[in-house]
Amino acid sequence: MANRLILRRHHNCGNMTTKMHLLLRSASFLQQNLRQPGSPKCLLRATQMVRLCSTQAGKVHDTAPALPVAAAESDAPALLRPLTETVAPSAAAVRQVWVENMDSADERKLGLLELHPEVFAAFPKLHLIHDNVRWQRMYRQVDYAATKTRAEVRGGGRKPHPQKGGGRARAGSIRSPLWKGGGVSHGPRGPKTHFYMLSHSARVGGLCATLSVKLAQNDLHVVRDLELPSADPGLLQELVERRYWGPSVLFVDDTDEMPENLVRAADQVPHYNLLPVYGLNVFTMLKHDTLVLTVAAVERVQERLLRALSIHNSMAVKHTDASLLR
Amino acid sequence: MLAEELPAVEPVDVDWSHVERLLPRRTVPTPTDKAAYPSGWTPQRGNPSLPYSVRRSVNHMLPVYLRIMEDGVKRLTVVRNVRGDIWKLHDELKRHLEETNSRYIASRVNEVSLYVQFKGEYVQQVKDWLRERGL
(Lines give C-alpha, C1' and ligand atoms only; values in the text may rest on other atoms or scores of the structure.)
Protein backbone atom coordinates (compact mmCIF):
# COMPACT_ATOMS: atom_id res chain seq x y z
CA MET A 1 0.00 0.00 0.00
CA ALA A 2 2.83 2.41 0.85
CA ASN A 3 4.52 1.71 -2.47
CA ARG A 4 1.37 2.44 -4.33
CA LEU A 5 0.94 5.72 -2.54
CA ILE A 6 4.49 6.85 -3.31
CA LEU A 7 4.26 5.95 -6.98
CA ARG A 8 0.94 7.65 -7.53
CA ARG A 9 1.47 10.89 -9.37
CA HIS A 10 -0.87 13.79 -9.67
CA HIS A 11 -1.46 14.05 -13.37
CA ASN A 12 -1.38 17.49 -14.79
CA CYS A 13 -4.77 19.05 -14.90
CA GLY A 14 -4.14 21.10 -17.99
CA ASN A 15 -7.52 20.14 -19.39
CA MET A 16 -9.43 21.22 -16.34
CA THR A 17 -10.86 24.65 -16.61
CA THR A 18 -10.86 27.05 -13.72
CA LYS A 19 -14.60 26.78 -13.42
CA MET A 20 -15.38 23.31 -12.16
CA HIS A 21 -17.69 21.42 -14.47
CA LEU A 22 -19.62 18.42 -13.53
CA LEU A 23 -21.79 16.92 -16.21
CA LEU A 24 -24.33 15.25 -14.02
CA ARG A 25 -27.90 14.38 -14.64
CA SER A 26 -29.34 17.65 -13.47
CA ALA A 27 -27.61 20.84 -14.47
CA SER A 28 -28.60 22.58 -11.25
CA PHE A 29 -25.74 20.86 -9.50
CA LEU A 30 -23.28 22.89 -11.53
CA GLN A 31 -24.01 26.14 -9.74
CA GLN A 32 -24.21 24.51 -6.36
CA ASN A 33 -20.80 22.89 -6.71
CA LEU A 34 -18.90 26.15 -6.44
CA ARG A 35 -17.51 26.48 -2.99
CA GLN A 36 -18.40 29.65 -1.17
CA PRO A 37 -15.98 30.73 1.55
CA GLY A 38 -17.01 29.62 5.00
CA SER A 39 -19.90 27.36 4.10
CA PRO A 40 -19.69 23.78 2.98
CA LYS A 41 -21.44 22.90 -0.24
CA CYS A 42 -22.53 19.52 -1.27
CA LEU A 43 -23.66 18.06 -4.52
CA LEU A 44 -26.41 16.19 -2.81
CA ARG A 45 -29.87 17.55 -3.00
CA ALA A 46 -31.20 18.72 0.33
CA THR A 47 -34.28 16.58 -0.03
CA GLN A 48 -32.18 13.46 -0.35
CA MET A 49 -30.20 13.95 2.83
CA VAL A 50 -32.11 12.13 5.50
CA ARG A 51 -31.91 12.11 9.22
CA LEU A 52 -28.61 11.41 10.79
CA CYS A 53 -27.65 11.45 14.42
CA SER A 54 -24.17 12.81 13.79
CA THR A 55 -21.73 14.98 15.62
CA GLN A 56 -18.60 16.84 14.79
CA ALA A 57 -15.65 14.67 13.93
CA GLY A 58 -13.71 15.85 16.94
CA LYS A 59 -11.73 18.70 15.43
CA VAL A 60 -10.85 21.37 17.93
CA HIS A 61 -11.37 24.42 15.75
CA ASP A 62 -14.67 23.85 14.05
CA THR A 63 -16.13 26.92 12.52
CA ALA A 64 -19.44 25.50 11.28
CA PRO A 65 -22.21 26.15 13.82
CA ALA A 66 -24.30 23.33 15.18
CA LEU A 67 -27.90 23.37 14.05
CA PRO A 68 -30.64 23.52 16.64
CA VAL A 69 -33.39 21.01 16.28
CA ALA A 70 -35.50 21.78 13.23
CA ALA A 71 -35.60 25.43 14.17
CA ALA A 72 -33.31 27.44 11.96
CA GLU A 73 -33.67 25.63 8.68
CA SER A 74 -33.28 28.89 6.86
CA ASP A 75 -29.89 29.49 8.52
CA ALA A 76 -28.52 26.08 7.65
CA PRO A 77 -25.89 25.68 4.97
CA ALA A 78 -27.73 25.27 1.72
CA LEU A 79 -27.10 21.71 0.61
CA LEU A 80 -26.00 19.95 3.76
CA ARG A 81 -29.35 20.77 5.29
CA PRO A 82 -30.88 17.38 5.81
CA LEU A 83 -34.44 16.26 6.29
CA THR A 84 -34.34 15.16 9.90
CA GLU A 85 -30.76 15.66 10.98
CA THR A 86 -30.17 17.19 14.38
CA VAL A 87 -26.64 18.44 13.90
CA ALA A 88 -25.13 18.80 10.47
CA PRO A 89 -21.59 17.57 9.85
CA SER A 90 -19.01 20.28 10.13
CA ALA A 91 -17.04 21.57 7.18
CA ALA A 92 -13.92 19.87 8.51
CA ALA A 93 -15.66 16.51 8.69
CA VAL A 94 -16.95 16.50 5.12
CA ARG A 95 -14.78 14.46 2.80
CA GLN A 96 -13.91 15.45 -0.73
CA VAL A 97 -13.01 13.26 -3.64
CA TRP A 98 -12.00 13.92 -7.23
CA VAL A 99 -14.38 13.09 -10.03
CA GLU A 100 -12.37 11.47 -12.80
CA ASN A 101 -13.04 10.60 -16.41
CA MET A 102 -13.46 7.26 -18.12
CA ASP A 103 -13.57 8.41 -21.73
CA SER A 104 -9.84 7.98 -22.30
CA ALA A 105 -6.86 6.28 -20.73
CA ASP A 106 -5.45 9.71 -19.81
CA GLU A 107 -6.58 10.82 -16.42
CA ARG A 108 -8.43 14.10 -16.11
CA LYS A 109 -10.02 15.50 -13.01
CA LEU A 110 -13.44 16.83 -13.82
CA GLY A 111 -14.38 18.26 -10.45
CA LEU A 112 -14.82 17.71 -6.77
CA LEU A 113 -17.48 15.73 -5.00
CA GLU A 114 -18.27 16.09 -1.33
CA LEU A 115 -19.09 13.02 0.70
CA HIS A 116 -21.04 12.75 3.92
CA PRO A 117 -18.74 11.80 6.81
CA GLU A 118 -21.23 9.39 8.40
CA VAL A 119 -20.94 7.14 5.34
CA PHE A 120 -17.46 7.81 4.03
CA ALA A 121 -15.59 8.90 7.15
CA ALA A 122 -17.03 6.49 9.68
CA PHE A 123 -14.63 4.98 12.19
CA PRO A 124 -13.34 1.71 10.74
CA LYS A 125 -14.99 -0.68 13.15
CA LEU A 126 -13.13 -3.87 12.37
CA HIS A 127 -15.52 -6.02 14.34
CA LEU A 128 -18.38 -4.89 12.12
CA ILE A 129 -16.42 -5.60 8.95
CA HIS A 130 -15.51 -9.02 10.27
CA ASP A 131 -19.09 -9.74 11.31
CA ASN A 132 -20.37 -8.84 7.86
CA VAL A 133 -17.79 -10.96 6.05
CA ARG A 134 -18.49 -13.88 8.36
CA TRP A 135 -22.24 -13.49 7.94
CA GLN A 136 -21.99 -13.34 4.15
CA ARG A 137 -20.03 -16.57 4.21
CA MET A 138 -22.03 -18.42 6.84
CA TYR A 139 -25.67 -17.65 6.08
CA ARG A 140 -25.57 -19.73 2.89
CA GLN A 141 -23.41 -22.51 4.30
CA VAL A 142 -24.91 -25.98 4.48
CA ASP A 143 -23.07 -28.84 6.16
CA TYR A 144 -24.03 -32.11 4.52
CA ALA A 145 -22.21 -34.32 7.02
CA ALA A 146 -24.52 -36.96 8.50
CA THR A 147 -23.96 -40.16 10.47
CA LYS A 148 -26.22 -43.01 11.49
CA THR A 149 -27.11 -43.77 15.07
CA ARG A 150 -27.30 -47.28 16.45
CA ALA A 151 -30.99 -47.31 15.52
CA GLU A 152 -30.33 -46.42 11.90
CA VAL A 153 -27.41 -48.75 11.19
CA ARG A 154 -28.57 -51.88 9.40
CA GLY A 155 -29.03 -54.84 11.73
CA GLY A 156 -28.40 -55.01 15.46
CA GLY A 157 -31.89 -55.95 16.60
CA ARG A 158 -31.02 -59.17 18.35
CA LYS A 159 -28.99 -59.72 21.45
CA PRO A 160 -25.77 -61.26 20.05
CA HIS A 161 -25.05 -63.61 22.99
CA PRO A 162 -26.57 -64.38 26.40
CA GLN A 163 -26.05 -61.93 29.21
CA LYS A 164 -23.94 -64.27 31.33
CA GLY A 165 -21.68 -67.21 30.89
CA GLY A 166 -19.58 -66.38 27.83
CA GLY A 167 -16.67 -64.54 29.44
CA ARG A 168 -17.45 -61.70 27.05
CA ALA A 169 -18.67 -58.21 27.82
CA ARG A 170 -22.41 -57.92 27.93
CA ALA A 171 -24.01 -56.70 24.72
CA GLY A 172 -27.51 -55.93 23.56
CA SER A 173 -26.84 -55.14 19.94
CA ILE A 174 -24.02 -55.53 17.44
CA ARG A 175 -24.54 -51.92 16.38
CA SER A 176 -23.88 -50.31 19.73
CA PRO A 177 -21.43 -47.34 19.50
CA LEU A 178 -18.86 -49.42 21.36
CA TRP A 179 -18.77 -52.00 18.61
CA LYS A 180 -16.88 -51.79 15.35
CA GLY A 181 -19.38 -50.96 12.61
CA GLY A 182 -21.81 -49.65 15.16
CA GLY A 183 -23.66 -46.39 15.11
CA VAL A 184 -22.19 -43.01 16.06
CA SER A 185 -23.62 -41.69 19.30
CA HIS A 186 -22.98 -37.94 18.99
CA GLY A 187 -22.04 -37.39 15.37
CA PRO A 188 -23.27 -34.80 12.86
CA ARG A 189 -26.96 -35.28 12.22
CA GLY A 190 -28.00 -34.57 8.69
CA PRO A 191 -27.82 -31.40 6.62
CA LYS A 192 -27.35 -28.41 8.85
CA THR A 193 -27.81 -24.81 7.78
CA HIS A 194 -25.86 -21.97 9.34
CA PHE A 195 -28.38 -19.35 8.30
CA TYR A 196 -28.70 -16.32 10.55
CA MET A 197 -29.36 -12.66 10.04
CA LEU A 198 -26.96 -10.04 11.23
CA SER A 199 -28.73 -7.10 12.81
CA HIS A 200 -29.70 -4.21 10.58
CA SER A 201 -27.43 -1.76 12.38
CA ALA A 202 -24.47 -4.12 12.09
CA ARG A 203 -24.97 -4.53 8.37
CA VAL A 204 -25.35 -0.81 7.77
CA GLY A 205 -22.39 -0.06 10.04
CA GLY A 206 -20.30 -2.61 8.16
CA LEU A 207 -21.06 -1.00 4.82
CA CYS A 208 -20.21 2.47 6.12
CA ALA A 209 -17.01 1.20 7.73
CA THR A 210 -15.89 -0.57 4.55
CA LEU A 211 -16.60 2.44 2.35
CA SER A 212 -14.67 4.62 4.80
CA VAL A 213 -11.75 2.22 4.83
CA LYS A 214 -11.64 2.13 1.04
CA LEU A 215 -11.70 5.92 0.82
CA ALA A 216 -9.09 6.35 3.53
CA GLN A 217 -6.77 3.89 1.82
CA ASN A 218 -7.09 5.63 -1.57
CA ASP A 219 -8.92 2.68 -3.05
CA LEU A 220 -12.15 4.47 -3.80
CA HIS A 221 -12.45 6.49 -6.98
CA VAL A 222 -15.40 8.39 -8.37
CA VAL A 223 -15.97 8.80 -12.07
CA ARG A 224 -18.49 10.86 -13.92
CA ASP A 225 -19.85 7.89 -15.83
CA LEU A 226 -18.73 4.51 -17.13
CA GLU A 227 -18.84 5.30 -20.87
CA LEU A 228 -15.78 3.87 -22.56
CA PRO A 229 -14.81 4.98 -26.08
CA SER A 230 -14.55 1.38 -27.28
CA ALA A 231 -15.14 -2.17 -26.12
CA ASP A 232 -11.45 -3.04 -26.28
CA PRO A 233 -10.36 -4.76 -23.06
CA GLY A 234 -6.81 -3.57 -23.72
CA LEU A 235 -7.98 0.02 -23.49
CA LEU A 236 -9.68 -0.65 -20.19
CA GLN A 237 -6.59 -2.37 -18.85
CA GLU A 238 -4.38 0.49 -19.96
CA LEU A 239 -6.78 2.94 -18.28
CA VAL A 240 -6.68 0.99 -15.04
CA GLU A 241 -2.93 0.47 -15.03
CA ARG A 242 -2.07 4.04 -15.87
CA ARG A 243 -4.01 5.28 -12.88
CA TYR A 244 -2.46 2.65 -10.61
CA TRP A 245 -5.82 1.19 -9.79
CA GLY A 246 -5.38 -2.20 -8.14
CA PRO A 247 -5.21 -5.50 -9.97
CA SER A 248 -8.90 -6.10 -9.30
CA VAL A 249 -11.40 -3.33 -9.90
CA LEU A 250 -15.08 -3.17 -9.06
CA PHE A 251 -17.12 -0.75 -11.15
CA VAL A 252 -20.30 0.34 -9.41
CA ASP A 253 -23.14 2.11 -11.15
CA ASP A 254 -26.52 3.05 -9.77
CA THR A 255 -28.46 0.85 -12.20
CA ASP A 256 -27.85 -2.67 -13.42
CA GLU A 257 -27.92 -1.60 -17.06
CA MET A 258 -24.34 -0.65 -17.74
CA PRO A 259 -22.80 0.91 -20.85
CA GLU A 260 -22.22 -1.72 -23.52
CA ASN A 261 -18.54 -0.98 -24.13
CA LEU A 262 -17.71 -1.45 -20.47
CA VAL A 263 -19.72 -4.65 -20.27
CA ARG A 264 -17.97 -6.14 -23.29
CA ALA A 265 -14.51 -5.06 -22.16
CA ALA A 266 -14.89 -6.16 -18.56
CA ASP A 267 -16.31 -9.49 -19.68
CA GLN A 268 -12.89 -10.37 -21.11
CA VAL A 269 -11.08 -9.59 -17.87
CA PRO A 270 -12.09 -11.74 -14.88
CA HIS A 271 -10.79 -9.32 -12.27
CA TYR A 272 -12.76 -6.33 -13.55
CA ASN A 273 -16.28 -6.70 -12.29
CA LEU A 274 -19.44 -4.67 -12.56
CA LEU A 275 -22.02 -4.21 -9.84
CA PRO A 276 -25.13 -2.10 -9.34
CA VAL A 277 -25.56 -0.20 -6.09
CA TYR A 278 -28.14 -2.63 -4.76
CA GLY A 279 -25.57 -5.42 -4.88
CA LEU A 280 -22.94 -3.58 -2.87
CA ASN A 281 -21.68 -5.68 0.03
CA VAL A 282 -18.72 -5.79 2.37
CA PHE A 283 -17.23 -9.02 1.04
CA THR A 284 -17.15 -7.86 -2.58
CA MET A 285 -15.76 -4.46 -1.63
CA LEU A 286 -12.90 -6.08 0.27
CA LYS A 287 -12.27 -8.69 -2.40
CA HIS A 288 -11.57 -6.07 -5.05
CA ASP A 289 -8.57 -3.83 -4.59
CA THR A 290 -10.16 -0.73 -6.08
CA LEU A 291 -13.72 0.52 -6.11
CA VAL A 292 -14.80 2.81 -8.90
CA LEU A 293 -18.18 4.42 -8.39
CA THR A 294 -20.09 6.76 -10.64
CA VAL A 295 -21.37 10.03 -9.23
CA ALA A 296 -24.91 8.68 -9.47
CA ALA A 297 -23.89 5.57 -7.57
CA VAL A 298 -22.27 7.64 -4.81
CA GLU A 299 -25.42 9.71 -4.53
CA ARG A 300 -27.60 6.64 -4.31
CA VAL A 301 -25.39 4.82 -1.82
CA GLN A 302 -25.24 7.87 0.40
CA GLU A 303 -28.98 8.41 0.28
CA ARG A 304 -29.75 4.78 1.10
CA LEU A 305 -27.19 4.46 3.89
CA LEU A 306 -28.11 7.76 5.54
CA ARG A 307 -31.71 6.66 5.54
CA ALA A 308 -30.74 3.25 6.87
CA LEU A 309 -28.78 4.85 9.71
CA SER A 310 -31.99 6.43 10.95
CA ILE A 311 -33.97 3.19 10.94
CA HIS A 312 -34.20 1.54 14.31
CA ASN A 313 -33.51 -2.21 14.49
CA SER A 314 -37.11 -2.87 15.48
CA MET A 315 -38.42 -1.17 12.34
CA ALA A 316 -35.96 -2.82 9.99
CA VAL A 317 -37.23 -5.35 7.48
CA LYS A 318 -37.32 -8.76 9.10
CA HIS A 319 -35.85 -11.70 7.27
CA THR A 320 -37.57 -14.88 8.44
CA ASP A 321 -35.39 -17.60 9.80
CA ALA A 322 -35.27 -20.48 7.32
CA SER A 323 -36.61 -22.99 9.86
CA LEU A 324 -39.80 -21.02 10.33
CA LEU A 325 -40.63 -21.32 6.66
CA ARG A 326 -41.22 -25.04 6.90
CA MET B 1 -69.78 -9.45 -17.38
CA LEU B 2 -69.11 -7.36 -20.43
CA ALA B 3 -67.21 -4.11 -20.14
CA GLU B 4 -70.35 -2.14 -20.97
CA GLU B 5 -72.26 -3.73 -18.09
CA LEU B 6 -69.75 -2.73 -15.42
CA PRO B 7 -70.99 0.00 -13.14
CA ALA B 8 -69.52 3.46 -13.52
CA VAL B 9 -66.84 4.41 -11.05
CA GLU B 10 -66.04 7.78 -9.70
CA PRO B 11 -63.06 8.88 -7.62
CA VAL B 12 -63.89 9.66 -4.03
CA ASP B 13 -61.81 12.10 -2.08
CA VAL B 14 -60.97 10.43 1.19
CA ASP B 15 -58.97 12.09 3.88
CA TRP B 16 -56.52 9.35 4.85
CA SER B 17 -54.65 11.46 7.37
CA HIS B 18 -56.36 9.76 10.31
CA VAL B 19 -55.13 6.41 9.01
CA GLU B 20 -51.71 7.63 8.02
CA ARG B 21 -50.99 9.03 11.45
CA LEU B 22 -51.49 5.54 12.91
CA LEU B 23 -49.15 3.82 10.48
CA PRO B 24 -45.69 3.23 11.92
CA ARG B 25 -42.83 5.26 10.49
CA ARG B 26 -39.80 3.54 9.04
CA THR B 27 -37.33 6.22 10.08
CA VAL B 28 -37.08 8.13 13.31
CA PRO B 29 -38.30 11.71 12.79
CA THR B 30 -36.62 14.87 14.03
CA PRO B 31 -38.07 16.02 17.32
CA THR B 32 -40.05 19.23 17.20
CA ASP B 33 -38.23 22.26 18.47
CA LYS B 34 -39.20 23.43 21.95
CA ALA B 35 -37.63 25.54 24.64
CA ALA B 36 -37.89 22.77 27.21
CA TYR B 37 -39.07 19.18 27.15
CA PRO B 38 -41.07 17.71 30.04
CA SER B 39 -39.01 14.53 30.05
CA GLY B 40 -35.78 16.41 30.56
CA TRP B 41 -34.47 15.39 27.18
CA THR B 42 -32.26 17.92 25.44
CA PRO B 43 -31.41 17.90 21.76
CA GLN B 44 -27.85 17.70 20.62
CA ARG B 45 -26.44 21.17 20.09
CA GLY B 46 -22.87 20.24 19.26
CA ASN B 47 -19.81 21.77 20.85
CA PRO B 48 -17.08 22.81 18.41
CA SER B 49 -14.70 23.83 21.20
CA LEU B 50 -14.44 20.29 22.52
CA PRO B 51 -12.08 17.79 20.88
CA TYR B 52 -14.56 14.97 21.43
CA SER B 53 -18.23 14.22 20.95
CA VAL B 54 -20.64 11.32 21.26
CA ARG B 55 -22.94 10.08 18.58
CA ARG B 56 -26.51 9.93 19.74
CA SER B 57 -28.54 6.81 19.17
CA VAL B 58 -31.05 6.37 16.38
CA ASN B 59 -33.73 7.67 18.74
CA HIS B 60 -31.76 10.83 19.52
CA MET B 61 -30.79 9.61 22.97
CA LEU B 62 -27.46 9.80 24.75
CA PRO B 63 -25.42 6.60 24.36
CA VAL B 64 -24.89 6.04 28.09
CA TYR B 65 -25.89 2.62 29.32
CA LEU B 66 -25.77 0.58 32.49
CA ARG B 67 -24.46 -2.94 32.22
CA ILE B 68 -25.39 -5.21 35.08
CA MET B 69 -23.35 -8.36 35.36
CA GLU B 70 -22.70 -11.19 37.78
CA ASP B 71 -26.28 -11.33 38.96
CA GLY B 72 -26.46 -7.68 39.94
CA VAL B 73 -23.11 -7.44 41.72
CA LYS B 74 -21.11 -5.81 38.95
CA ARG B 75 -22.42 -2.56 37.49
CA LEU B 76 -20.71 -0.73 34.66
CA THR B 77 -21.53 2.61 33.13
CA VAL B 78 -20.71 2.63 29.43
CA VAL B 79 -20.46 5.63 27.13
CA ARG B 80 -20.53 4.41 23.56
CA ASN B 81 -19.73 5.89 20.15
CA VAL B 82 -17.20 8.41 21.38
CA ARG B 83 -15.57 10.38 18.61
CA GLY B 84 -12.49 12.51 18.53
CA ASP B 85 -10.12 12.48 21.49
CA ILE B 86 -11.55 9.60 23.52
CA TRP B 87 -8.85 9.81 26.17
CA LYS B 88 -9.63 13.50 26.78
CA LEU B 89 -13.28 12.68 27.34
CA HIS B 90 -12.29 9.84 29.64
CA ASP B 91 -9.94 11.99 31.71
CA GLU B 92 -12.38 14.87 32.12
CA LEU B 93 -15.36 12.68 32.84
CA LYS B 94 -13.44 10.55 35.31
CA ARG B 95 -12.23 13.62 37.17
CA HIS B 96 -15.79 14.92 37.37
CA LEU B 97 -17.20 11.61 38.60
CA GLU B 98 -14.49 11.15 41.22
CA GLU B 99 -14.99 14.67 42.54
CA THR B 100 -18.74 14.24 42.62
CA ASN B 101 -18.65 10.87 44.34
CA SER B 102 -15.51 11.38 46.46
CA ARG B 103 -14.09 8.00 45.61
CA TYR B 104 -11.77 6.35 43.15
CA ILE B 105 -13.59 5.00 40.10
CA ALA B 106 -12.02 2.29 37.98
CA SER B 107 -12.38 2.94 34.27
CA ARG B 108 -11.47 1.56 30.89
CA VAL B 109 -11.09 3.00 27.40
CA ASN B 110 -11.55 0.95 24.25
CA GLU B 111 -10.18 2.88 21.29
CA VAL B 112 -11.15 0.29 18.71
CA SER B 113 -14.81 0.02 19.67
CA LEU B 114 -14.98 3.65 20.81
CA TYR B 115 -16.42 3.27 24.29
CA VAL B 116 -15.50 4.32 27.80
CA GLN B 117 -16.46 2.27 30.85
CA PHE B 118 -16.71 3.23 34.50
CA LYS B 119 -17.13 0.77 37.29
CA GLY B 120 -20.24 1.72 39.16
CA GLU B 121 -23.65 3.16 38.53
CA TYR B 122 -23.24 6.73 37.30
CA VAL B 123 -25.53 6.89 34.29
CA GLN B 124 -27.46 9.99 35.37
CA GLN B 125 -24.34 11.90 36.35
CA VAL B 126 -22.66 11.09 33.05
CA LYS B 127 -25.74 12.14 31.09
CA ASP B 128 -26.01 15.44 32.96
CA TRP B 129 -22.32 16.09 32.35
CA LEU B 130 -22.74 15.41 28.64
CA ARG B 131 -25.86 17.57 28.45
CA GLU B 132 -24.07 20.50 30.09
CA ARG B 133 -21.61 20.37 27.23
CA GLY B 134 -24.28 20.18 24.57
CA LEU B 135 -23.21 16.73 23.43
# chains A, B, ... in the order shown; residues from 1 in each chain; ligands from 1
>>> interface_residues(of="chain B", to="chain A", cutoff="10 Å", atoms="only C-alpha atoms", output="PyMOL selection string")
chain B and resi 24-34+42-61+81-86+112-114+134-135
>>> select_by_dssp(residues="segment 15-133 of chain B", states="alpha helix (DSSP H)", output="MDAnalysis selection string")
chainID B and resid 17:20 86:101 123:132
>>> residues_around(residues="Arg95 of chain B", least_positions_apart="2", cutoff="12 Å", atoms="only C-alpha atoms", output="PyMOL selection string")
chain B and resi 88-93+97-107+118+126+129
>>> residues_around(residues="Val123 of chain B", least_positions_apart="5", cutoff="8 Å", atoms="only C-alpha atoms", output="ChimeraX atom specification")
/B:64-66,77
>>> write_last_selection(atoms="N, CA and C atoms", output="mmCIF file, in the first residue's frame")
data_model
loop_
_atom_site.group_PDB
_atom_site.id
_atom_site.type_symbol
_atom_site.label_atom_id
_atom_site.label_comp_id
_atom_site.auth_asym_id
_atom_site.auth_seq_id
_atom_site.Cartn_x
_atom_site.Cartn_y
_atom_site.Cartn_z
ATOM 1 N N VAL B 64 -25.439 6.394 26.778
ATOM 2 C CA VAL B 64 -24.888 6.042 28.086
ATOM 3 C C VAL B 64 -25.749 4.915 28.627
ATOM 4 N N TYR B 65 -25.125 3.809 28.936
ATOM 5 C CA TYR B 65 -25.890 2.616 29.321
ATOM 6 C C TYR B 65 -25.312 2.000 30.586
ATOM 7 N N LEU B 66 -26.189 1.292 31.284
ATOM 8 C CA LEU B 66 -25.769 0.582 32.494
ATOM 9 C C LEU B 66 -25.715 -0.896 32.172
ATOM 10 N N THR B 77 -20.946 1.531 33.914
ATOM 11 C CA THR B 77 -21.525 2.615 33.127
ATOM 12 C C THR B 77 -20.721 2.740 31.844
#
